>>> print(open('data-v9.txt').read())   # compact mmCIF, C-alpha atoms
# COMPACT_ATOMS: atom_id res chain seq x y z
CA MET L 1 46.66 116.46 186.02
CA PRO L 2 47.47 112.82 185.12
CA TYR L 3 51.21 112.20 185.21
CA MET L 4 53.20 110.99 182.21
CA SER L 5 56.98 111.21 182.28
CA ILE L 6 57.54 112.88 178.92
CA MET L 7 55.33 113.51 175.91
CA PRO L 8 55.76 114.76 172.35
CA ALA L 9 54.63 118.34 171.65
CA VAL L 10 52.54 118.13 168.47
CA LEU L 11 50.20 120.39 166.54
CA VAL L 12 46.80 118.91 165.75
CA GLY L 13 45.64 120.20 162.37
CA SER L 14 41.95 120.27 161.52
CA THR L 15 39.46 122.19 159.44
CA VAL L 16 37.03 124.16 161.59
CA LYS L 17 34.44 126.52 160.14
CA GLY L 18 36.05 126.17 156.76
CA ARG L 19 39.60 127.13 157.68
CA PRO L 20 42.75 125.34 158.82
CA ASN L 21 43.41 125.39 162.56
CA TYR L 22 46.33 124.14 164.64
CA MET L 23 46.11 123.20 168.32
CA THR L 24 49.04 122.29 170.54
CA ALA L 25 48.76 118.88 172.17
CA ALA L 26 51.04 116.54 174.06
CA TRP L 27 48.72 113.65 174.87
CA ALA L 28 49.52 111.75 171.69
CA THR L 29 51.10 108.40 170.88
CA VAL L 30 50.97 105.41 168.56
CA ALA L 31 47.83 103.26 168.97
CA CYS L 32 48.46 100.38 166.57
CA MET L 33 51.10 98.93 164.24
CA VAL L 34 48.89 97.10 161.71
CA PRO L 35 47.05 99.08 160.49
CA PRO L 36 49.16 102.08 161.54
CA MET L 37 47.21 104.26 163.96
CA ILE L 38 47.94 107.12 166.31
CA CYS L 39 45.82 108.70 169.02
CA VAL L 40 45.47 112.11 170.57
CA ALA L 41 43.37 113.28 173.54
CA VAL L 42 41.48 116.53 172.95
CA ASN L 43 39.30 118.35 175.47
CA LYS L 44 35.68 118.27 174.29
CA VAL L 45 35.37 122.05 174.61
CA ARG L 46 38.23 122.74 172.16
CA PHE L 47 37.61 124.36 168.79
CA THR L 48 39.64 121.50 167.26
CA ALA L 49 37.20 118.92 168.66
CA GLN L 50 34.46 120.23 166.33
CA GLY L 51 36.66 119.85 163.26
CA ILE L 52 37.72 116.30 164.04
CA ILE L 53 34.19 115.11 164.73
CA GLU L 54 32.72 116.90 161.70
CA ASN L 55 35.31 115.91 159.07
CA LYS L 56 36.56 112.65 160.59
CA THR L 57 40.09 113.69 159.60
CA PHE L 58 42.97 115.46 161.32
CA SER L 59 46.73 115.74 161.17
CA LEU L 60 49.56 115.58 163.67
CA ASN L 61 52.40 117.95 162.88
CA ILE L 62 55.77 117.54 164.60
CA PRO L 63 57.46 120.87 165.31
CA SER L 64 61.16 121.38 165.78
CA VAL L 65 62.64 123.03 168.90
CA ASN L 66 63.16 126.22 166.86
CA GLN L 67 59.37 126.42 166.44
CA VAL L 68 58.65 126.45 170.15
CA VAL L 69 57.16 129.98 170.08
CA GLU L 70 54.65 129.08 167.33
CA THR L 71 53.96 125.77 169.07
CA ASP L 72 53.17 127.36 172.40
CA HIS L 73 51.17 130.14 170.74
CA CYS L 74 48.79 127.52 169.30
CA GLY L 75 48.23 126.25 172.83
CA LEU L 76 47.65 129.70 174.33
CA VAL L 77 45.10 130.93 171.82
CA SER L 78 41.83 129.25 170.77
CA GLY L 79 40.75 129.20 167.14
CA ALA L 80 37.34 130.33 168.41
CA GLN L 81 38.87 133.68 169.42
CA GLU L 82 41.61 134.09 166.85
CA ASP L 83 42.21 132.84 163.32
CA LYS L 84 45.33 130.61 163.57
CA SER L 85 45.32 129.62 159.90
CA ALA L 86 48.33 131.85 159.18
CA VAL L 87 50.59 130.54 161.97
CA PHE L 88 51.74 127.86 159.54
CA GLN L 89 51.45 127.56 155.76
CA SER L 90 48.93 124.80 155.14
CA TYR L 91 49.15 122.24 152.38
CA TYR L 92 47.11 119.11 151.75
CA GLY L 93 47.91 115.51 150.98
CA ARG L 94 45.27 112.84 150.36
CA LEU L 95 42.73 114.18 152.84
CA LYS L 96 41.23 117.51 151.88
CA THR L 97 40.23 118.45 155.43
CA ALA L 98 43.45 117.58 157.25
CA PRO L 99 45.68 120.66 156.89
CA LEU L 100 49.41 119.98 157.10
CA ALA L 101 51.80 122.58 158.53
CA LYS L 102 54.50 123.09 155.92
CA GLU L 103 57.08 124.50 158.35
CA CYS L 104 56.92 121.39 160.58
CA PRO L 105 59.46 118.73 159.58
CA VAL L 106 56.95 115.87 159.80
CA ASN L 107 53.21 115.82 159.05
CA ILE L 108 50.98 112.82 159.68
CA GLU L 109 47.63 112.63 157.87
CA CYS L 110 44.93 110.72 159.72
CA ARG L 111 41.45 109.46 159.03
CA LEU L 112 39.42 109.11 162.23
CA PHE L 113 39.02 105.47 163.24
CA THR L 114 37.06 106.06 166.43
CA SER L 115 36.71 108.52 169.29
CA VAL L 116 36.50 107.28 172.86
CA ASP L 117 34.61 109.44 175.32
CA CYS L 118 36.77 109.41 178.46
CA GLY L 119 35.20 112.33 180.34
CA SER L 120 36.65 115.81 179.87
CA HIS L 121 38.56 114.51 176.85
CA MET L 122 37.84 112.46 173.77
CA LEU L 123 40.63 110.12 172.77
CA HIS L 124 40.65 110.33 168.98
CA ILE L 125 42.22 107.32 167.30
CA GLY L 126 43.22 107.93 163.69
CA GLU L 127 44.42 105.63 160.97
CA VAL L 128 47.61 106.99 159.41
CA VAL L 129 46.92 107.69 155.73
CA GLU L 130 50.29 109.21 154.86
CA ILE L 131 53.42 110.53 156.56
CA HIS L 132 55.16 113.50 154.98
CA ALA L 133 58.71 114.31 156.04
CA ASP L 134 60.83 117.22 154.94
CA LYS L 135 63.71 115.93 152.81
CA SER L 136 66.23 117.76 154.98
CA CYS L 137 65.05 115.75 158.00
CA VAL L 138 65.23 112.28 156.46
CA THR L 139 68.06 109.71 156.63
CA ASP L 140 67.79 106.44 154.66
CA GLY L 141 64.15 107.21 153.85
CA LYS L 142 63.11 107.69 157.49
CA PRO L 143 62.51 110.73 159.70
CA ASP L 144 65.74 111.38 161.63
CA ILE L 145 65.47 112.62 165.23
CA ALA L 146 68.85 114.41 165.07
CA LYS L 147 67.67 116.46 162.09
CA ILE L 148 64.09 117.00 163.27
CA ASN L 149 65.08 118.09 166.79
CA PRO L 150 61.57 117.43 168.14
CA VAL L 151 60.02 119.09 171.18
CA ILE L 152 59.49 117.16 174.39
CA TYR L 153 56.75 118.32 176.74
CA ALA L 154 56.89 117.69 180.48
CA GLN L 155 55.94 119.63 183.62
CA ALA L 156 54.60 122.61 181.66
CA ALA L 157 57.91 123.10 179.87
CA TYR L 158 59.47 122.20 176.54
CA PHE L 159 62.76 120.34 176.21
CA GLY L 160 65.07 119.13 173.48
CA VAL L 161 66.23 115.52 173.21
CA GLY L 162 69.34 114.70 175.26
CA LYS L 163 72.10 112.15 174.95
CA GLU L 164 71.53 108.64 173.65
CA ALA L 165 71.45 106.15 176.53
CA GLY L 166 71.40 102.89 174.55
CA LYS L 167 69.92 101.01 171.62
CA ALA L 168 66.58 99.29 171.99
CA PHE L 169 66.44 95.50 171.59
CA SER L 170 70.17 95.49 172.31
CA THR L 171 71.16 97.24 175.57
CA GLY L 172 69.02 94.74 177.50
CA LYS L 173 71.30 91.86 176.47
CA GLN L 174 73.69 93.06 179.19
CA TYR L 175 71.06 92.20 181.81
CA GLY L 176 72.33 89.78 184.43
CA LYS L 177 75.87 89.90 183.02
CA LYS L 178 77.20 92.47 185.44
CA MET H 1 55.96 101.30 161.92
CA PRO H 2 53.78 104.36 162.64
CA TYR H 3 55.88 107.42 163.28
CA MET H 4 55.79 109.42 166.50
CA SER H 5 58.52 111.93 167.24
CA ILE H 6 59.38 110.87 170.78
CA MET H 7 57.71 108.61 173.31
CA PRO H 8 58.14 107.71 176.97
CA ALA H 9 59.75 104.35 177.74
CA VAL H 10 57.55 102.74 180.39
CA LEU H 11 57.15 99.33 181.98
CA VAL H 12 53.64 97.90 181.92
CA GLY H 13 53.08 95.89 185.07
CA SER H 14 50.45 93.17 185.15
CA THR H 15 49.69 89.88 186.83
CA VAL H 16 49.87 86.97 184.41
CA LYS H 17 49.46 83.35 185.49
CA GLY H 18 49.63 84.43 189.10
CA ARG H 19 52.90 86.34 188.99
CA PRO H 20 54.00 89.93 188.38
CA ASN H 21 55.26 90.68 184.89
CA TYR H 22 56.79 93.81 183.35
CA MET H 23 56.71 94.64 179.64
CA THR H 24 58.53 97.54 178.01
CA ALA H 25 56.26 99.87 176.06
CA ALA H 26 56.56 103.29 174.48
CA TRP H 27 53.10 103.75 172.98
CA ALA H 28 51.66 105.39 176.07
CA THR H 29 50.20 108.78 176.89
CA VAL H 30 47.52 110.59 178.86
CA ALA H 31 43.96 109.94 177.64
CA CYS H 32 41.87 112.19 179.86
CA MET H 33 42.16 114.87 182.54
CA VAL H 34 38.84 114.38 184.42
CA PRO H 35 38.75 111.59 185.39
CA PRO H 36 42.51 111.06 185.06
CA MET H 37 43.22 108.36 182.50
CA ILE H 38 46.22 107.06 180.59
CA CYS H 39 46.44 104.69 177.64
CA VAL H 40 48.94 102.16 176.34
CA ALA H 41 48.94 100.13 173.14
CA VAL H 42 49.84 96.46 173.60
CA ASN H 43 50.17 93.86 170.85
CA LYS H 44 47.42 91.26 171.26
CA VAL H 45 49.94 88.40 171.21
CA ARG H 46 51.85 89.71 174.22
CA PHE H 47 51.88 87.85 177.54
CA THR H 48 50.93 91.16 179.20
CA ALA H 49 47.74 91.39 177.11
CA GLN H 50 46.33 88.34 178.93
CA GLY H 51 46.93 89.89 182.34
CA ILE H 52 45.29 93.21 181.49
CA ILE H 53 42.20 91.60 179.98
CA GLU H 54 41.87 89.05 182.80
CA ASN H 55 42.37 91.32 185.81
CA LYS H 56 41.24 94.64 184.33
CA THR H 57 44.15 96.31 186.08
CA PHE H 58 47.71 97.26 185.13
CA SER H 59 50.43 99.69 186.09
CA LEU H 60 52.75 102.02 184.23
CA ASN H 61 56.17 102.29 185.79
CA ILE H 62 58.53 105.09 184.77
CA PRO H 63 62.16 104.02 184.72
CA SER H 64 65.14 106.30 185.04
CA VAL H 65 67.95 106.45 182.47
CA ASN H 66 70.13 104.41 184.82
CA GLN H 67 67.60 101.55 184.47
CA VAL H 68 67.91 101.35 180.71
CA VAL H 69 69.37 97.80 180.78
CA GLU H 70 66.47 96.43 182.86
CA THR H 71 64.02 98.42 180.75
CA ASP H 72 65.30 97.04 177.47
CA HIS H 73 65.55 93.52 178.93
CA CYS H 74 61.80 93.57 179.62
CA GLY H 75 61.25 94.36 175.93
CA LEU H 76 63.60 91.66 174.65
CA VAL H 77 62.21 88.78 176.69
CA SER H 78 58.60 87.57 176.90
CA GLY H 79 57.09 86.54 180.20
CA ALA H 80 55.83 83.45 178.37
CA GLN H 81 59.44 82.24 177.98
CA GLU H 82 61.05 83.67 181.08
CA ASP H 83 59.86 84.67 184.53
CA LYS H 84 60.45 88.45 184.74
CA SER H 85 58.99 88.81 188.24
CA ALA H 86 62.46 89.32 189.75
CA VAL H 87 63.65 92.07 187.39
CA PHE H 88 62.04 94.56 189.76
CA GLN H 89 60.85 94.24 193.35
CA SER H 90 57.07 94.35 193.19
CA TYR H 91 54.84 96.06 195.71
CA TYR H 92 51.13 96.76 195.63
CA GLY H 93 48.97 99.79 196.24
CA ARG H 94 45.18 99.77 196.08
CA LEU H 95 44.90 97.23 193.27
CA LYS H 96 46.03 93.76 194.19
CA THR H 97 46.76 92.68 190.58
CA ALA H 98 48.70 95.74 189.39
CA PRO H 99 52.30 95.12 190.48
CA LEU H 100 54.39 98.26 190.98
CA ALA H 101 58.14 98.22 190.30
CA LYS H 102 59.80 99.55 193.44
CA GLU H 103 63.04 100.59 191.71
CA CYS H 104 61.21 102.86 189.24
CA PRO H 105 60.85 106.43 190.52
CA VAL H 106 57.16 106.69 189.53
CA ASN H 107 54.43 104.04 189.50
CA ILE H 108 50.94 104.60 188.17
CA GLU H 109 48.16 102.23 189.24
CA CYS H 110 45.36 101.84 186.71
CA ARG H 111 41.97 100.21 186.56
CA LEU H 112 41.01 99.30 183.00
CA PHE H 113 38.36 101.67 181.61
CA THR H 114 38.10 100.13 178.16
CA SER H 115 40.20 98.41 175.51
CA VAL H 116 39.91 99.45 171.87
CA ASP H 117 40.66 96.79 169.27
CA CYS H 118 42.75 98.62 166.65
CA GLY H 119 44.13 95.62 164.74
CA SER H 120 47.48 94.15 165.80
CA HIS H 121 47.23 96.14 169.02
CA MET H 122 44.66 96.84 171.69
CA LEU H 123 44.70 100.35 173.04
CA HIS H 124 44.09 99.89 176.76
CA ILE H 125 42.69 102.96 178.47
CA GLY H 126 43.06 102.95 182.24
CA GLU H 127 41.68 105.17 184.95
CA VAL H 128 44.48 106.32 187.26
CA VAL H 129 43.76 105.03 190.75
CA GLU H 130 46.94 106.25 192.42
CA ILE H 131 50.34 107.68 191.51
CA HIS H 132 53.30 106.68 193.68
CA ALA H 133 56.49 108.71 193.42
CA ASP H 134 59.77 108.05 195.18
CA LYS H 135 60.37 110.82 197.75
CA SER H 136 63.81 111.49 196.32
CA CYS H 137 62.21 112.34 192.95
CA VAL H 138 59.59 114.78 194.18
CA THR H 139 59.72 118.59 194.39
CA ASP H 140 56.82 120.52 195.95
CA GLY H 141 54.73 117.35 196.06
CA LYS H 142 55.11 116.59 192.35
CA PRO H 143 57.30 114.21 190.33
CA ASP H 144 60.35 116.20 189.16
CA ILE H 145 61.77 115.45 185.73
CA ALA H 146 65.29 116.56 186.72
CA LYS H 147 65.33 114.04 189.57
CA ILE H 148 63.52 111.23 187.72
CA ASN H 149 65.68 111.47 184.60
CA PRO H 150 63.11 109.56 182.50
CA VAL H 151 63.86 107.56 179.37
CA ILE H 152 62.79 108.82 175.97
CA TYR H 153 62.23 106.28 173.22
CA ALA H 154 62.64 107.16 169.54
CA GLN H 155 64.00 105.40 166.48
CA ALA H 156 64.79 102.19 168.34
CA ALA H 157 67.03 104.01 170.80
CA TYR H 158 66.77 105.46 174.31
CA PHE H 159 67.63 109.06 175.13
CA GLY H 160 67.80 111.31 178.16
CA VAL H 161 65.98 114.64 178.34
CA GLY H 162 67.91 117.59 176.90
CA LYS H 163 67.94 121.30 177.55
CA GLU H 164 64.80 123.25 178.41
CA ALA H 165 63.59 125.21 175.38
CA GLY H 166 60.85 127.29 177.01
CA LYS H 167 57.92 127.33 179.41
CA ALA H 168 54.51 126.21 178.20
CA PHE H 169 51.66 128.75 178.24
CA SER H 170 54.34 131.46 178.29
CA THR H 171 56.90 131.19 175.47
CA GLY H 172 54.10 131.61 172.93
CA LYS H 173 53.41 135.16 174.16
CA GLN H 174 56.43 136.23 172.09
CA TYR H 175 54.58 135.21 168.93
CA GLY H 176 54.26 138.06 166.44
CA LYS H 177 56.52 140.29 168.54
CA LYS H 178 59.76 139.61 166.66
>>> encode(input="data-v9.txt", output="structure tokens")
Amino acid sequence: MPYMSIMPAVLVGSTVKGRPNYMTAAWATVACMVPPMICVAVNKVRFTAQGIIENKTFSLNIPSVNQVVETDHCGLVSGAQEDKSAVFQSYYGRLKTAPLAKECPVNIECRLFTSVDCGSHMLHIGEVVEIHADKSCVTDGKPDIAKINPVIYAQAAYFGVGKEAGKAFSTGKQYGKK
Amino acid sequence: MPYMSIMPAVLVGSTVKGRPNYMTAAWATVACMVPPMICVAVNKVRFTAQGIIENKTFSLNIPSVNQVVETDHCGLVSGAQEDKSAVFQSYYGRLKTAPLAKECPVNIECRLFTSVDCGSHMLHIGEVVEIHADKSCVTDGKPDIAKINPVIYAQAAYFGVGKEAGKAFSTGKQYGKK
């Protein structure tokens, strides 16, 4: 398994065989600033893979630590075997085939930009069409990590976020001044 | 700025103009299982971008929370303005143009698979050639998060890892049993 220190646990929303489906993923990050893009690696054999390729849309839904049971459930069970459309209440934004999980504090709607065939996995790069954040998780108009309490994935376990260790573009100014 | 709940703070190592250079990045994740691949988004204007494109190699180095000053420094300062080759001691594995930062507990050597032009950023996908982990940070032959103490990046700040919230492929078995 390729190593990455820590990763975000997310739920990939897609429409497969006419119904909403959510798959747990951790191999996701930002791909571009302008235009805003994100990417997620999905095994080609996954039920979700069909939906992304067919509709050219998907969503990333950010669960909170108190949704760790639902989050892990969506990674244990395939939509091919079991209907996962009721694990979360789905709603839709601008894209009619990118289901958004209402219970997750943040939902990111994506239109597929391109898919890169890497081997076992396709790296799906999506342009961000809209970001929806629950009002209770927003501070000054932006998603707030302290309120969202997102799930970190590493070493086959889930973790919460720990103590702040410094501000970016600031802490580094101490370099060489010790 | 595209939203992503949490991201790993990493140092992208490359050879630019004949010397090792380290750039702070957070837009990195795993891209494929077989063959093992990772990806990192780098702004096209960065000094690092030249090195990756030219040599078709790079490294990802995973700093520990106690290296947050050095980590942030490499994000504040461009290699075009300042020689960053002495921020870390560089060593080399199989690839002679992918410098590895000795002080970082984990170093990942990558050979460029492909670069996707997304707009402001190129998403560089690299095949993992070798993973080097400091002996003091390994348990049962694998990098250990408790020993590495990796840096999480979110909302322009760095964080440590918090409490474990459950085991993956296990916690979800409680679903529907409440």
>>> closest_atom_pairs(input="data-v9.txt", of="chain L", to="chain H", cutoff="6 Å", atoms="all atoms listed in the file", output="JSON lines")
{"residue": "L:Met1", "atom": "CA", "partner": "H:Met33", "partner_atom": "CA", "distance": 5.9}
{"residue": "L:Pro2", "atom": "CA", "partner": "H:Pro36", "partner_atom": "CA", "distance": 5.3}
{"residue": "L:Ile6", "atom": "CA", "partner": "H:Pro8", "partner_atom": "CA", "distance": 5.6}
{"residue": "L:Pro8", "atom": "CA", "partner": "H:Ile6", "partner_atom": "CA", "distance": 5.5}
{"residue": "L:Trp27", "atom": "CA", "partner": "H:Val30", "partner_atom": "CA", "distance": 5.2}
{"residue": "L:Thr29", "atom": "CA", "partner": "H:Trp27", "partner_atom": "CA", "distance": 5.5}
{"residue": "L:Val30", "atom": "CA", "partner": "H:Trp27", "partner_atom": "CA", "distance": 5.2}
{"residue": "L:Ala31", "atom": "CA", "partner": "H:Ala41", "partner_atom": "CA", "distance": 5.3}
{"residue": "L:Cys32", "atom": "CA", "partner": "H:His121", "partner_atom": "CA", "distance": 5.0}
{"residue": "L:Met33", "atom": "CA", "partner": "H:Met1", "partner_atom": "CA", "distance": 5.9}
{"residue": "L:Val34", "atom": "CA", "partner": "H:Ser120", "partner_atom": "CA", "distance": 5.2}
{"residue": "L:Pro36", "atom": "CA", "partner": "H:Pro2", "partner_atom": "CA", "distance": 5.3}
{"residue": "L:Ala41", "atom": "CA", "partner": "H:Ala31", "partner_atom": "CA", "distance": 5.3}
{"residue": "L:Val69", "atom": "CA", "partner": "H:Gly172", "partner_atom": "CA", "distance": 4.5}
{"residue": "L:Asp72", "atom": "CA", "partner": "H:Gly172", "partner_atom": "CA", "distance": 4.4}
{"residue": "L:His73", "atom": "CA", "partner": "H:Gly172", "partner_atom": "CA", "distance": 3.9}
{"residue": "L:Leu76", "atom": "CA", "partner": "H:Phe169", "partner_atom": "CA", "distance": 5.7}
{"residue": "L:Cys118", "atom": "CA", "partner": "H:Cys32", "partner_atom": "CA", "distance": 6.0}
{"residue": "L:Gly119", "atom": "CA", "partner": "H:Val34", "partner_atom": "CA", "distance": 5.8}
{"residue": "L:Ser120", "atom": "CA", "partner": "H:Val34", "partner_atom": "CA", "distance": 5.2}
{"residue": "L:His121", "atom": "CA", "partner": "H:Cys32", "partner_atom": "CA", "distance": 5.0}
{"residue": "L:Leu123", "atom": "CA", "partner": "H:Ala31", "partner_atom": "CA", "distance": 5.9}
{"residue": "L:Ala156", "atom": "CA", "partner": "H:Ala168", "partner_atom": "CA", "distance": 5.0}
{"residue": "L:Ala157", "atom": "CA", "partner": "H:Lys167", "partner_atom": "CA", "distance": 4.3}
{"residue": "L:Tyr158", "atom": "CA", "partner": "H:Ala165", "partner_atom": "CA", "distance": 5.2}
{"residue": "L:Phe159", "atom": "CA", "partner": "H:Glu164", "partner_atom": "CA", "distance": 4.2}
{"residue": "L:Gly160", "atom": "CA", "partner": "H:Gly162", "partner_atom": "CA", "distance": 4.7}
{"residue": "L:Val161", "atom": "CA", "partner": "H:Gly162", "partner_atom": "CA", "distance": 4.6}
{"residue": "L:Gly162", "atom": "CA", "partner": "H:Gly162", "partner_atom": "CA", "distance": 3.6}
{"residue": "L:Lys163", "atom": "CA", "partner": "H:Gly160", "partner_atom": "CA", "distance": 5.4}
{"residue": "L:Glu164", "atom": "CA", "partner": "H:Phe159", "partner_atom": "CA", "distance": 4.2}
{"residue": "L:Ala165", "atom": "CA", "partner": "H:Phe159", "partner_atom": "CA", "distance": 5.0}
{"residue": "L:Gly166", "atom": "CA", "partner": "H:Tyr158", "partner_atom": "CA", "distance": 5.3}
{"residue": "L:Lys167", "atom": "CA", "partner": "H:Ala157", "partner_atom": "CA", "distance": 4.2}
{"residue": "L:Ala168", "atom": "CA", "partner": "H:Ala157", "partner_atom": "CA", "distance": 4.9}
{"residue": "L:Phe169", "atom": "CA", "partner": "H:Leu76", "partner_atom": "CA", "distance": 5.7}
{"residue": "L:Thr171", "atom": "CA", "partner": "H:Val69", "partner_atom": "CA", "distance": 5.5}
{"residue": "L:Gly172", "atom": "CA", "partner": "H:His73", "partner_atom": "CA", "distance": 3.9}
{"residue": "L:Tyr175", "atom": "CA", "partner": "H:Val69", "partner_atom": "CA", "distance": 5.9}
>>> atom_distance(input="data-v9.txt", atom1="CA of Gln89 (chain L)", atom2="CA of Phe47 (chain L)")
19.3 Å
>>> atom_distance(input="data-v9.txt", atom1="CA of Phe58 (chain H)", atom2="CA of Gly13 (chain H)")
5.5 Å
>>> residues_around(input="data-v9.txt", residues="Gly18 (chain H)", least_positions_apart="4", cutoff="12 Å", atoms="all atoms listed in the file", output="MDAnalysis selection string")
chainID H and resid 14 50:51 54:55 79 83 85 96:99
>>> write_last_selection(input="data-v9.txt", atoms="C-alpha atoms", output="compact mmCIF listing (two decimals), keeping the file's coordinate frame")
# COMPACT_ATOMS: atom_id res chain seq x y z
CA SER H 14 50.45 93.17 185.15
CA GLN H 50 46.33 88.34 178.93
CA GLY H 51 46.93 89.89 182.34
CA GLU H 54 41.87 89.05 182.80
CA ASN H 55 42.37 91.32 185.81
CA GLY H 79 57.09 86.54 180.20
CA ASP H 83 59.86 84.67 184.53
CA SER H 85 58.99 88.81 188.24
CA LYS H 96 46.03 93.76 194.19
CA THR H 97 46.76 92.68 190.58
CA ALA H 98 48.70 95.74 189.39
CA PRO H 99 52.30 95.12 190.48
>>> atom_distance(input="data-v9.txt", atom1="CA of Cys110 (chain L)", atom2="CA of Arg111 (chain H)")
29.0 Å
>>> residues_near_point(input="data-v9.txt", point="(52.5, 118.3, 155.5)", cutoff="9 Å", atoms="all atoms listed in the file", output="list in words")
Ser59, Asn61, Ser90, Tyr91, Tyr92, Gly93, Pro99, Leu100, Ala101, Lys102, Glu103, Cys104, Pro105, Val106, Asn107, Ile108, Glu109, Ile131, His132, Ala133 and Asp134 of chain L
>>> closest_residue(input="data-v9.txt", among="L:Arg94, L:Lys147, L:Arg46, L:Lys177", to="Tyr22 (chain L)", atoms="all atoms listed in the file")
L:Arg46
>>> closest_residue(input="data-v9.txt", among="L:Leu112, L:Ala49, L:Met23, L:Val138", to="Phe88 (chain L)", atoms="all atoms listed in the file")
L:Met23
